[in-house]
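Structure file protein.cif; described as mmCIF, C-alpha atoms.
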```
data_data
#
loop_
_atom_site.label_atom_id
_atom_site.label_comp_id
_atom_site.auth_asym_id
_atom_site.auth_seq_id
_atom_site.Cartn_x
_atom_site.Cartn_y
_atom_site.Cartn_z
CA MET J 10 -16.12 -2.27 30.97
CA SER J 11 -19.86 -2.18 30.24
CA ASN J 12 -20.97 -4.06 27.13
CA ILE J 13 -23.56 -1.35 26.45
CA ALA J 14 -23.09 2.29 25.38
CA THR J 15 -25.95 4.74 26.02
CA LEU J 16 -26.71 7.66 23.72
CA GLU J 17 -29.18 10.38 24.67
CA ILE J 18 -30.91 12.49 22.00
CA ASP J 19 -33.68 14.96 22.88
CA GLY J 20 -34.08 13.37 26.29
CA LYS J 21 -34.53 9.86 24.90
CA LYS J 22 -31.92 7.20 25.63
CA TYR J 23 -30.77 4.52 23.23
CA GLU J 24 -28.49 1.58 23.93
CA PHE J 25 -25.88 0.15 21.55
CA PRO J 26 -23.61 -2.87 22.03
CA VAL J 27 -19.90 -2.42 22.77
CA VAL J 28 -17.60 -4.70 20.75
CA VAL J 29 -14.11 -5.62 22.00
CA GLY J 30 -11.46 -7.04 19.64
CA THR J 31 -8.90 -9.71 20.50
CA GLU J 32 -6.33 -6.98 21.27
CA ASN J 33 -8.84 -5.10 23.49
CA GLU J 34 -9.75 -2.47 20.90
CA VAL J 35 -13.16 -1.07 21.80
CA ALA J 36 -15.91 -0.09 19.36
CA ILE J 37 -19.54 0.97 19.70
CA ASP J 38 -21.69 -0.95 17.22
CA ILE J 39 -23.98 1.69 15.68
CA ASP J 40 -25.32 -0.52 12.90
CA LYS J 41 -28.91 0.25 14.01
CA LEU J 42 -28.29 3.91 14.94
CA ARG J 43 -30.19 5.51 12.05
CA GLY J 44 -33.01 3.01 12.16
CA GLU J 45 -33.63 3.56 15.89
CA THR J 46 -32.87 7.28 16.25
CA GLY J 47 -33.07 8.81 12.78
CA ALA J 48 -29.58 10.26 13.36
CA ILE J 49 -26.23 9.39 11.81
CA THR J 50 -22.63 10.02 12.89
CA LEU J 51 -20.45 12.59 11.14
CA ASP J 52 -16.81 11.52 10.91
CA PRO J 53 -14.84 13.19 8.05
CA GLY J 54 -12.11 10.87 6.83
CA TYR J 55 -13.57 8.02 8.94
CA LYS J 56 -10.83 8.59 11.55
CA ASN J 57 -13.08 7.28 14.34
CA SER J 58 -15.19 4.80 12.38
CA GLY J 59 -14.55 1.08 12.01
CA SER J 60 -15.81 -0.11 8.63
CA CYS J 61 -15.43 -3.83 9.31
CA LYS J 62 -14.23 -6.60 11.58
CA SER J 63 -11.03 -8.10 10.18
CA GLU J 64 -8.74 -11.00 11.08
CA ILE J 65 -5.87 -9.85 8.86
CA THR J 66 -3.77 -7.07 10.41
CA PHE J 67 -3.39 -5.59 13.88
CA LEU J 68 -1.81 -2.16 14.22
CA ASP J 69 -1.18 -0.15 17.39
CA GLY J 70 0.25 3.23 16.43
CA GLU J 71 0.91 4.38 19.99
CA LYS J 72 3.01 1.31 20.83
CA GLY J 73 4.57 0.84 17.38
CA ILE J 74 3.07 -2.63 16.83
CA LEU J 75 2.31 -4.21 13.46
CA ARG J 76 1.21 -7.85 13.14
CA TYR J 77 -0.11 -9.95 10.26
CA ARG J 78 -2.52 -12.71 11.39
CA GLY J 79 -0.93 -12.55 14.88
CA TYR J 80 2.72 -12.71 13.73
CA SER J 81 4.96 -9.74 14.53
CA ILE J 82 6.33 -7.81 11.56
CA GLU J 83 9.80 -8.24 13.09
CA ASP J 84 9.54 -12.05 12.95
CA LEU J 85 8.07 -12.10 9.45
CA ALA J 86 10.63 -9.70 7.97
CA GLY J 87 13.51 -11.52 9.67
CA LYS J 88 12.51 -15.15 9.17
CA SER J 89 10.06 -15.37 6.26
CA ASN J 90 9.84 -14.29 2.62
CA PHE J 91 7.33 -12.32 0.59
CA LEU J 92 5.46 -15.27 -0.94
CA GLU J 93 5.11 -16.96 2.47
CA VAL J 94 3.74 -13.72 3.93
CA SER J 95 1.42 -13.30 0.94
CA TYR J 96 0.03 -16.79 1.56
CA LEU J 97 -0.39 -16.01 5.27
CA LEU J 98 -2.31 -12.80 4.60
CA ILE J 99 -4.57 -14.29 1.95
CA PHE J 100 -5.25 -17.76 3.35
CA GLY J 101 -4.88 -17.19 7.09
CA GLU J 102 -1.92 -19.40 8.04
CA LEU J 103 1.75 -19.71 7.15
CA PRO J 104 2.13 -22.36 4.44
CA THR J 105 3.71 -25.74 4.93
CA ALA J 106 6.58 -26.58 2.58
CA ALA J 107 4.14 -28.45 0.31
CA GLU J 108 1.62 -25.59 0.33
CA LEU J 109 4.32 -23.05 -0.50
CA THR J 110 5.60 -25.16 -3.40
CA LYS J 111 2.05 -25.52 -4.74
CA PHE J 112 1.51 -21.74 -4.38
CA GLU J 113 4.68 -20.95 -6.32
CA ASN J 114 3.91 -23.54 -9.02
CA THR J 115 0.35 -22.28 -9.46
CA ILE J 116 1.64 -18.70 -9.79
CA HIS J 117 3.99 -20.00 -12.50
CA LYS J 118 0.97 -21.32 -14.42
CA TYR J 119 -0.24 -17.75 -14.93
CA THR J 120 2.93 -15.72 -15.42
CA LEU J 121 2.36 -15.27 -19.16
CA VAL J 122 0.34 -12.14 -19.95
CA ASN J 123 -1.83 -12.14 -23.07
CA GLU J 124 0.17 -10.66 -25.95
CA GLU J 125 -2.74 -8.34 -26.80
CA MET J 126 -1.96 -6.47 -23.58
CA LYS J 127 1.04 -5.10 -25.46
CA ASN J 128 -1.36 -3.30 -27.80
CA ILE J 129 -2.86 -1.54 -24.78
CA ILE J 130 0.46 -0.47 -23.30
CA ASP J 131 1.61 0.71 -26.74
CA GLY J 132 -1.28 3.19 -26.69
CA PHE J 133 0.30 5.14 -23.82
CA PRO J 134 2.92 7.82 -24.46
CA LYS J 135 6.35 7.18 -22.93
CA THR J 136 5.70 10.18 -20.68
CA ALA J 137 2.63 8.58 -19.03
CA HIS J 138 3.01 8.14 -15.26
CA PRO J 139 3.64 4.45 -14.44
CA MET J 140 0.85 4.40 -11.83
CA GLY J 141 -1.70 5.60 -14.37
CA VAL J 142 -0.53 2.91 -16.78
CA LEU J 143 -0.60 0.25 -14.03
CA ALA J 144 -4.16 1.14 -12.99
CA SER J 145 -5.28 0.89 -16.63
CA LEU J 146 -3.47 -2.39 -17.32
CA THR J 147 -4.83 -3.95 -14.11
CA SER J 148 -8.35 -2.98 -15.12
CA ALA J 149 -7.70 -4.29 -18.65
CA LEU J 150 -6.89 -7.73 -17.22
CA THR J 151 -10.63 -8.01 -16.59
CA ALA J 152 -11.21 -8.10 -20.35
CA PHE J 153 -8.94 -11.15 -20.66
CA ASN J 154 -10.41 -12.80 -17.57
CA PRO J 155 -14.13 -11.96 -17.83
CA LYS J 156 -15.47 -14.83 -15.70
CA SER J 157 -16.32 -13.59 -12.22
CA VAL J 158 -14.83 -15.56 -9.34
CA ASP J 159 -17.09 -17.61 -7.10
CA VAL J 160 -15.63 -16.66 -3.71
CA ASN J 161 -17.26 -19.70 -2.12
CA ASN J 162 -15.49 -22.06 -4.52
CA GLU J 163 -12.12 -22.76 -2.89
CA LYS J 164 -10.41 -23.90 -6.10
CA GLU J 165 -11.66 -20.94 -8.14
CA MET J 166 -10.60 -18.49 -5.46
CA TYR J 167 -7.15 -20.07 -5.17
CA GLU J 168 -6.58 -19.91 -8.93
CA ALA J 169 -7.75 -16.28 -9.04
CA VAL J 170 -5.31 -15.34 -6.26
CA CYS J 171 -2.37 -16.98 -8.02
CA LYS J 172 -3.33 -15.45 -11.35
CA THR J 173 -3.43 -11.99 -9.80
CA MET J 174 -0.08 -12.43 -8.02
CA ALA J 175 1.52 -13.61 -11.28
CA LYS J 176 0.20 -11.10 -13.78
CA PHE J 177 0.33 -7.99 -11.60
CA LEU J 178 4.09 -8.32 -11.09
CA VAL J 179 4.67 -8.58 -14.84
CA ILE J 180 2.50 -5.62 -15.87
CA ALA J 181 3.92 -3.50 -13.03
CA THR J 182 7.43 -3.92 -14.43
CA TRP J 183 6.17 -3.33 -17.97
CA THR J 184 5.26 0.24 -16.96
CA TYR J 185 8.99 0.87 -16.35
CA ARG J 186 10.07 -0.87 -19.56
CA LYS J 187 7.59 1.22 -21.54
CA ALA J 188 8.95 4.47 -20.11
CA LYS J 189 12.54 3.42 -20.88
CA GLY J 190 11.76 2.19 -24.39
CA PHE J 191 13.04 -1.29 -23.53
CA PRO J 192 11.53 -4.54 -24.88
CA LEU J 193 9.01 -6.08 -22.48
CA ASN J 194 10.38 -8.98 -20.45
CA TYR J 195 8.75 -12.26 -19.44
CA TYR J 196 8.65 -14.00 -16.07
CA ASP J 197 11.29 -16.71 -15.55
CA ASN J 198 9.66 -19.61 -13.71
CA THR J 199 13.07 -20.94 -12.59
CA GLN J 200 13.63 -17.91 -10.36
CA GLY J 201 11.98 -16.57 -7.21
CA TYR J 202 9.30 -13.89 -7.13
CA VAL J 203 11.56 -11.02 -6.04
CA GLU J 204 14.41 -12.17 -8.32
CA ASN J 205 11.87 -12.06 -11.13
CA PHE J 206 11.00 -8.49 -10.29
CA MET J 207 14.68 -7.61 -10.75
CA GLN J 208 15.12 -9.36 -14.09
CA LEU J 209 11.74 -8.16 -15.38
CA MET J 210 12.82 -4.60 -14.59
CA PHE J 211 16.47 -4.57 -15.55
CA GLY J 212 17.27 -7.58 -17.74
CA LEU J 213 18.36 -6.77 -21.30
CA PRO J 214 18.36 -9.17 -24.28
CA THR J 215 21.94 -8.17 -25.07
CA GLU J 216 23.49 -9.67 -21.93
CA PRO J 217 22.73 -12.07 -19.06
CA TYR J 218 21.23 -10.53 -15.92
CA GLN J 219 22.34 -11.48 -12.41
CA SER J 220 20.50 -9.91 -9.48
CA ASN J 221 22.39 -8.73 -6.40
CA PRO J 222 21.35 -10.93 -3.41
CA VAL J 223 21.70 -8.01 -0.97
CA VAL J 224 19.28 -5.94 -3.06
CA VAL J 225 16.92 -8.91 -3.45
CA ASP J 226 16.90 -9.41 0.34
CA ALA J 227 16.17 -5.70 0.93
CA LEU J 228 13.33 -5.71 -1.62
CA ASP J 229 11.88 -8.88 -0.12
CA LYS J 230 11.77 -7.16 3.27
CA LEU J 231 10.26 -3.99 1.78
CA PHE J 232 7.51 -5.97 0.06
CA ILE J 233 6.75 -7.72 3.37
CA LEU J 234 6.65 -4.42 5.27
CA HIS J 235 4.25 -2.94 2.71
CA ALA J 236 2.08 -6.08 2.34
CA ASP J 237 -0.83 -4.82 4.47
CA HIS J 238 -1.53 -1.93 6.80
CA GLU J 239 -5.08 -2.32 8.05
CA GLN J 240 -7.85 -0.04 6.67
CA ASN J 241 -5.76 2.60 4.91
CA CYS J 242 -7.05 4.64 1.95
CA SER J 243 -6.23 2.16 -0.86
CA THR J 244 -7.29 -0.92 1.13
CA SER J 245 -10.59 0.69 2.09
CA THR J 246 -11.04 1.56 -1.59
CA VAL J 247 -10.49 -2.07 -2.62
CA ARG J 248 -13.04 -3.23 -0.05
CA ILE J 249 -15.69 -0.66 -0.93
CA VAL J 250 -15.34 -1.26 -4.68
CA GLY J 251 -15.43 -5.01 -4.08
CA SER J 252 -18.53 -4.61 -1.91
CA SER J 253 -20.49 -3.87 -5.11
CA HIS J 254 -19.31 -7.36 -6.22
CA ALA J 255 -16.87 -5.81 -8.69
CA GLY J 256 -14.20 -8.35 -9.65
CA LEU J 257 -10.74 -8.73 -8.17
CA PHE J 258 -8.87 -6.97 -11.01
CA ALA J 259 -11.31 -4.04 -11.08
CA SER J 260 -11.12 -3.63 -7.30
CA ILE J 261 -7.32 -3.75 -7.27
CA SER J 262 -7.19 -1.25 -10.13
CA ALA J 263 -9.17 1.12 -7.91
CA GLY J 264 -6.71 0.46 -5.10
CA VAL J 265 -3.80 1.35 -7.39
CA SER J 266 -5.46 4.68 -8.20
CA ALA J 267 -5.99 5.42 -4.49
CA LEU J 268 -2.39 4.50 -3.70
CA TRP J 269 -1.17 6.92 -6.37
CA GLY J 270 -2.07 9.95 -4.23
CA PRO J 271 0.89 11.82 -2.71
CA LEU J 272 -0.67 11.60 0.77
CA HIS J 273 -0.66 7.79 0.54
CA GLY J 274 1.68 5.72 -1.62
CA GLY J 275 3.41 8.72 -3.11
CA ALA J 276 5.15 9.56 0.15
CA ASN J 277 8.48 7.92 -0.72
CA GLN J 278 8.49 9.75 -4.05
CA ALA J 279 7.97 12.99 -2.11
CA VAL J 280 11.05 12.14 -0.01
CA LEU J 281 13.29 11.97 -3.08
CA GLU J 282 11.78 15.11 -4.57
CA MET J 283 12.60 16.90 -1.30
CA LEU J 284 16.18 15.58 -1.33
CA GLU J 285 16.60 16.67 -4.94
CA GLU J 286 15.33 20.12 -4.02
CA ILE J 287 17.84 20.36 -1.15
CA GLN J 288 20.67 19.26 -3.44
CA LYS J 289 19.66 21.77 -6.12
CA ASN J 290 19.78 24.56 -3.54
CA GLY J 291 23.29 23.84 -2.31
CA GLY J 292 22.91 20.55 -0.42
CA ASP J 293 23.02 22.06 3.08
CA ALA J 294 21.11 19.52 5.19
CA ASP J 295 21.52 21.54 8.40
CA LYS J 296 19.89 24.56 6.77
CA TYR J 297 16.81 22.50 5.91
CA LEU J 298 16.67 20.90 9.34
CA ALA J 299 16.52 24.44 10.76
CA LYS J 300 13.78 25.34 8.28
CA ALA J 301 11.81 22.28 9.38
CA LYS J 302 11.97 23.51 13.00
CA ASP J 303 10.82 27.02 12.07
CA LYS J 304 7.03 27.25 12.52
CA GLU J 305 6.89 30.22 10.16
CA ASP J 306 8.66 28.34 7.35
CA PRO J 307 6.42 26.37 4.95
CA PHE J 308 9.15 23.73 4.36
CA ARG J 309 8.12 20.27 5.51
CA LEU J 310 10.54 17.43 6.17
CA MET J 311 9.20 14.49 4.15
CA GLY J 312 9.70 10.91 5.35
CA PHE J 313 9.79 11.78 9.06
CA GLY J 314 7.04 10.88 11.53
CA HIS J 315 3.86 9.00 10.64
CA ARG J 316 0.13 9.70 10.86
CA VAL J 317 -0.57 6.35 12.53
CA TYR J 318 2.65 5.54 14.41
CA LYS J 319 2.98 8.11 17.20
CA ASN J 320 6.28 6.94 18.73
CA PHE J 321 8.17 4.99 16.07
CA ASP J 322 7.49 3.13 12.84
CA PRO J 323 8.38 -0.55 13.48
CA ARG J 324 8.90 -1.03 9.74
CA ALA J 325 11.55 1.72 9.65
CA LYS J 326 13.64 0.01 12.33
CA ILE J 327 13.71 -3.14 10.20
CA ILE J 328 14.47 -1.52 6.86
CA LYS J 329 17.16 0.88 8.16
CA LYS J 330 19.72 -1.93 8.27
CA ALA J 331 18.68 -3.15 4.83
CA ALA J 332 19.18 0.37 3.47
CA ASP J 333 22.67 0.51 5.00
CA ASP J 334 23.48 -2.92 3.52
CA VAL J 335 22.29 -1.90 0.04
CA LEU J 336 24.33 1.30 0.05
CA ALA J 337 27.41 -0.60 1.20
CA SER J 338 26.93 -3.40 -1.35
CA LEU J 339 26.31 -1.12 -4.32
CA GLY J 340 28.95 1.42 -3.31
CA VAL J 341 26.81 4.22 -4.69
CA ASP J 342 28.40 7.68 -4.72
CA ASP J 343 25.34 9.89 -4.92
CA PRO J 344 25.07 13.38 -3.37
CA ILE J 345 21.33 12.88 -2.90
CA LEU J 346 21.93 9.83 -0.71
CA THR J 347 24.66 11.68 1.20
CA ILE J 348 22.09 14.37 2.06
CA ALA J 349 19.63 11.67 3.12
CA LYS J 350 22.13 10.10 5.52
CA LYS J 351 22.98 13.52 6.96
CA LEU J 352 19.29 14.27 7.56
CA GLU J 353 18.80 10.88 9.17
CA GLU J 354 21.81 11.18 11.51
CA SER J 355 20.99 14.74 12.56
CA ALA J 356 17.28 14.13 13.14
CA LEU J 357 17.95 11.02 15.24
CA GLU J 358 20.24 13.07 17.51
CA ASP J 359 18.36 16.40 17.55
CA GLU J 360 16.20 16.89 20.65
CA TYR J 361 13.57 18.82 18.66
CA PHE J 362 12.88 15.82 16.43
CA LYS J 363 13.28 13.25 19.19
CA SER J 364 10.79 15.00 21.50
CA ARG J 365 8.21 15.11 18.70
CA SER J 366 8.82 11.53 17.52
CA LEU J 367 9.83 12.82 14.08
CA TYR J 368 11.88 9.73 13.28
CA PRO J 369 12.68 8.55 9.73
CA ASN J 370 9.79 6.34 8.60
CA VAL J 371 9.61 3.44 6.13
CA ASP J 372 9.05 5.84 3.21
CA PHE J 373 12.34 7.57 3.95
CA TYR J 374 14.36 4.35 3.85
CA SER J 375 12.50 2.79 0.93
CA GLY J 376 13.20 5.93 -1.10
CA ILE J 377 16.92 5.61 -0.31
CA ILE J 378 16.96 1.94 -1.38
CA TYR J 379 15.07 2.58 -4.62
CA ARG J 380 17.33 5.52 -5.48
CA ALA J 381 20.45 3.41 -4.86
CA MET J 382 19.04 0.73 -7.19
CA GLY J 383 18.63 3.29 -9.96
CA ILE J 384 14.82 3.14 -9.93
CA PRO J 385 13.30 6.46 -11.08
CA THR J 386 11.13 8.27 -8.53
CA GLU J 387 7.93 7.90 -10.58
CA MET J 388 8.29 4.10 -10.18
CA PHE J 389 8.46 4.17 -6.37
CA THR J 390 4.71 3.89 -5.89
CA VAL J 391 4.55 0.99 -8.37
CA LEU J 392 6.90 -0.94 -6.08
CA PHE J 393 4.65 -0.04 -3.15
CA ALA J 394 1.71 -1.49 -5.10
CA ILE J 395 3.58 -4.76 -5.74
CA GLY J 396 4.17 -5.12 -2.01
CA ARG J 397 0.60 -4.15 -1.07
CA LEU J 398 -1.00 -6.57 -3.59
CA PRO J 399 -1.43 -9.57 -1.21
CA GLY J 400 -3.01 -7.30 1.39
CA TRP J 401 -5.52 -5.99 -1.15
CA ILE J 402 -6.33 -9.54 -2.24
CA ALA J 403 -6.74 -10.70 1.38
CA GLN J 404 -9.00 -7.78 2.25
CA TRP J 405 -11.14 -8.26 -0.89
CA LYS J 406 -11.45 -12.00 -0.19
CA GLU J 407 -12.36 -11.45 3.48
CA MET J 408 -14.98 -8.84 2.61
CA ARG J 409 -16.63 -11.08 0.00
CA VAL J 410 -16.49 -14.30 2.06
CA ASN J 411 -18.03 -12.45 5.03
CA LYS J 412 -20.84 -11.21 2.77
CA GLU J 413 -20.35 -7.61 3.86
CA PRO J 414 -23.02 -5.21 2.57
CA ILE J 415 -22.31 -2.74 -0.21
CA GLY J 416 -20.46 0.31 1.07
CA ARG J 417 -22.79 3.31 1.23
CA PRO J 418 -21.74 6.13 3.58
CA ARG J 419 -24.33 8.72 4.61
CA GLN J 420 -23.92 12.49 4.54
CA ILE J 421 -25.22 15.67 6.15
CA TYR J 422 -26.62 17.93 3.45
CA VAL J 423 -25.62 21.60 3.93
CA GLY J 424 -26.70 23.00 0.54
CA GLU J 425 -29.64 25.22 -0.44
CA PRO J 426 -33.13 24.35 0.87
CA LEU J 427 -36.02 23.84 -1.58
CA ARG J 428 -36.25 26.74 -4.07
CA ASP J 429 -38.49 27.68 -6.96
CA PHE J 430 -37.22 27.07 -10.48
CA LYS J 431 -36.83 30.18 -12.67
CA PRO J 432 -36.92 30.00 -16.47
CA VAL J 433 -33.65 30.95 -18.16
CA ASP J 434 -34.99 34.35 -19.35
CA LYS J 435 -35.75 35.36 -15.75
CA ARG J 436 -32.42 34.43 -14.13
#
```

Starting from the coordinates I provided, produce the structure as structure tokens.
Amino acid sequence: MSNIATLEIDGKKYEFPVVVGTENEVAIDIDKLRGETGAITLDPGYKNSGSCKSEITFLDGEKGILRYRGYSIEDLAGKSNFLEVSYLLIFGELPTAAELTKFENTIHKYTLVNEEMKNIIDGFPKTAHPMGVLASLTSALTAFNPKSVDVNNEKEMYEAVCKTMAKFLVIATWTYRKAKGFPLNYYDNTQGYVENFMQLMFGLPTEPYQSNPVVVDALDKLFILHADHEQNCSTSTVRIVGSSHAGLFASISAGVSALWGPLHGGANQAVLEMLEEIQKNGGDADKYLAKAKDKEDPFRLMGFGHRVYKNFDPRAKIIKKAADDVLASLGVDDPILTIAKKLEESALEDEYFKSRSLYPNVDFYSGIIYRAMGIPTEMFTVLFAIGRLPGWIAQWKEMRVNKEPIGRPRQIYVGEPLRDFKPVDKR
């Protein structure tokens, strides 16, 4: 392949370098396009534009490949744990035993959240959506940690990472406790990170709490599967906000808001809302499968297929077994989950869905797991945010360390040309 791409405008030719990634992805470097030609590219949604070079995540949607720092998602989900994967994403390598212990201990240093944060959460009504509360609380952490991080100071950066990992988990669970009217819980430094999520969410002062190891294992895998996903909407938001040199908490708060959208992190919530709608209308899964195949019917089967993965979602193959294990362990008798299993079984066998690669994706299975655990649908995206946190941190850190310029997309103006101003009495 040539290492030069030629563009011709008005009979004049311009040359631009071709960049090839380590996995043979090809890009045309148009950094000097406007300066040399006066033209820009127009790419709504940035579907064909690379915003950065990154060493963090490789994704091949056609082949169903997802890797973090060169490690397959299958290996990481099967052999590692969430804190190890978080360390890998953020610092570039899997930790040694000593590095992992130090990482956990440093996180423990910062697990207490300033008590004045309770005044902020008390200002929200119980009806407030947990994602709105989480975005606000994450931003509010800036007020209690006003010193900006020197990204070139290794110790400062390390402490900031651990502080973010510690406090975000606590305030994320507080959004649930607030909605339920429960007292706010504190992190238990004698337990693991995922076990802490469980006790922070569900522990009550009236009785001891013991987490189910099958559920903990499934959540650990889900957090790993969600930990990063290349330049998606929320990750790109974190990078572009951080490119203005906004702090880590402010940038992550912006990422939370982006993740909140139903086309992004809200997808697993949409799955449960669809299942509830099917159950409310008689629970006939076959009827809704037929509606999904009818081009004239507006019904859309949520949690099947994926915008990026064109053949199969590698994360779904991993989490399917975990979902089956959770349902078996908890012995949940729930008509909603019965409908979900029926949809899954039928779609995996139906030629219409198979020929179109409309397989159950990770959002479908995560929704089933969360429902079985008794987590309300409005909390689903909060759990997504907990999993995605290390990816956001890693992307923010990479962008700042690489000294990437402030994000500033161009546009093509299609409004009115220059016009004369008319006084108000002549309009």

Could you list, with a cut-off of 12 Å and counting only C-alpha atoms, the residues of segment 70-160 of chain J near segment 205-226 of chain J, each shown with its nearest atom pair and the distance in Å rounded to one decimal, rows sorted by chain and ascending number, as JSON lines?
```
{"residue": "J:Ala86", "atom": "CA", "partner": "J:Asp226", "partner_atom": "CA", "distance": 9.9}
{"residue": "J:Gly87", "atom": "CA", "partner": "J:Asp226", "partner_atom": "CA", "distance": 10.1}
{"residue": "J:Lys88", "atom": "CA", "partner": "J:Asp226", "partner_atom": "CA", "distance": 11.4}
{"residue": "J:Ser89", "atom": "CA", "partner": "J:Asp226", "partner_atom": "CA", "distance": 10.8}
{"residue": "J:Asn90", "atom": "CA", "partner": "J:Asp226", "partner_atom": "CA", "distance": 8.9}
{"residue": "J:Phe91", "atom": "CA", "partner": "J:Asp226", "partner_atom": "CA", "distance": 10.0}
{"residue": "J:His117", "atom": "CA", "partner": "J:Asn205", "partner_atom": "CA", "distance": 11.3}
{"residue": "J:Thr120", "atom": "CA", "partner": "J:Asn205", "partner_atom": "CA", "distance": 10.6}
```

Quick one, how far is atom CA of Gly251 of chain J from atom CA of Asp159 of chain J?
->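 Between these atoms lies a distance of 13.1 Å.
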
With only C-alpha atoms as the atoms that count, which of J:Ala14, J:Ile249, J:Leu281, J:Ala349 lies nearest to Pro414 of chain J?
->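 Comparing J:Ala14, J:Ile249, J:Leu281, J:Ala349 against Pro414 of chain J, the winner is J:Ile249.
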
Excluding segment 170-183 of chain J and any residue of its chain fewer than 4 positions from it, enumerate the residues within 9 Å of it, using all atoms listed in the file, and give them as a ChimeraX atom specification.
-> /J:99,112-113,115-122,126,130,139-140,142-143,146-147,150,165-166,187-188,192-196,202,205-207,209-210,257-258,391-392,394-395,398-399,402

What is the atom CA of Gln288 of chain J to atom CA of Gly274 of chain J distance in Å?
->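 Calculated distance between atom CA of Gln288 of chain J and atom CA of Gly274 of chain J is 23.4 Å.
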
Residues in the PyMOL selection byres ((chain J and resi 23-25) around 8), expressed as an MDAnalysis selection string = chainID J and resid 13:17 21:22 26:27 37:39 42 45:46

List, as a PyMOL selection string, every residue that the PyMOL selection byres ((chain J and resi 233) around 9) selects in the file provided.
-> chain J and resi 82+85-86+89-92+94-95+228-232+234-237+396-397

What is the distance, in Å and to one decimal place, between atom CA of Tyr318 of chain J and atom CA of Glu353 of chain J?
->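 The value is 17.8 Å.
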
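The smallest atom-to-atom distance between Asp322 of chain J and any of J:Asp372, J:Asp40, J:Asp434, J:Glu124, using all atoms listed in the file, is found for J:Asp372.
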
Using the chain letters and numbers from the file, which residues does the PyMOL selection byres ((chain J and resi 57-60) around 9) grab, as a PyMOL selection string?
-> chain J and resi 36+52-56+61-62+240+245+416

Nearest to Trp405 of chain J, chosen from J:Ala106, J:Asn320, J:Phe133, J:Ala263, with all atoms listed in the file counted in the distances =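 Of the candidates, the smallest distance to Trp405 of chain J is held by J:Ala263.
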
Identify, on the basis of all atoms listed in the file, every residue whose closest approach to Gly312 of chain J does not exceed 7 Å; exclude the query and any residue fewer than 5 positions from it along the same chain; express the result as a ChimeraX atom specification.
-> /J:277,280,369-370,372-373

Using all atoms listed in the file: which of J:Met408, J:Val371, J:Ile18, J:Ile384 has the shortest distance to Ile49 of chain J | J:Ile18

With a distance cut-off of 9 Å and all atoms listed in the file, select the neighbouring residues of Ser260 of chain J, excluding the residue or stretch itself and same-chain residues fewer than 4 positions from it, and output the selection as number ranges by chain.
-> J: 148, 246-251, 255-256, 264-265, 401, 405

Extract, using all atoms listed in the file, all DNA, RNA and protein residues at most 10 Å from Gly275 of chain J, discarding same-chain residues fewer than 2 positions from it, and format them as a ChimeraX atom specification.
-> /J:268-273,277-280,372,386-391,393

Dump C-alpha atoms for the selected residues as an mmCIF file, in the frame of the given file?
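File written: part.cif
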```
data_model
loop_
_atom_site.group_PDB
_atom_site.id
_atom_site.type_symbol
_atom_site.label_atom_id
_atom_site.label_comp_id
_atom_site.auth_asym_id
_atom_site.auth_seq_id
_atom_site.Cartn_x
_atom_site.Cartn_y
_atom_site.Cartn_z
ATOM 1 C CA LEU J 268 -2.390 4.500 -3.700
ATOM 2 C CA TRP J 269 -1.170 6.920 -6.370
ATOM 3 C CA GLY J 270 -2.070 9.950 -4.230
ATOM 4 C CA PRO J 271 0.890 11.820 -2.710
ATOM 5 C CA LEU J 272 -0.670 11.600 0.770
ATOM 6 C CA HIS J 273 -0.660 7.790 0.540
ATOM 7 C CA ASN J 277 8.480 7.920 -0.720
ATOM 8 C CA GLN J 278 8.490 9.750 -4.050
ATOM 9 C CA ALA J 279 7.970 12.990 -2.110
ATOM 10 C CA VAL J 280 11.050 12.140 -0.010
ATOM 11 C CA ASP J 372 9.050 5.840 3.210
ATOM 12 C CA THR J 386 11.130 8.270 -8.530
ATOM 13 C CA GLU J 387 7.930 7.900 -10.580
ATOM 14 C CA MET J 388 8.290 4.100 -10.180
ATOM 15 C CA PHE J 389 8.460 4.170 -6.370
ATOM 16 C CA THR J 390 4.710 3.890 -5.890
ATOM 17 C CA VAL J 391 4.550 0.990 -8.370
ATOM 18 C CA PHE J 393 4.650 -0.040 -3.150
#
```
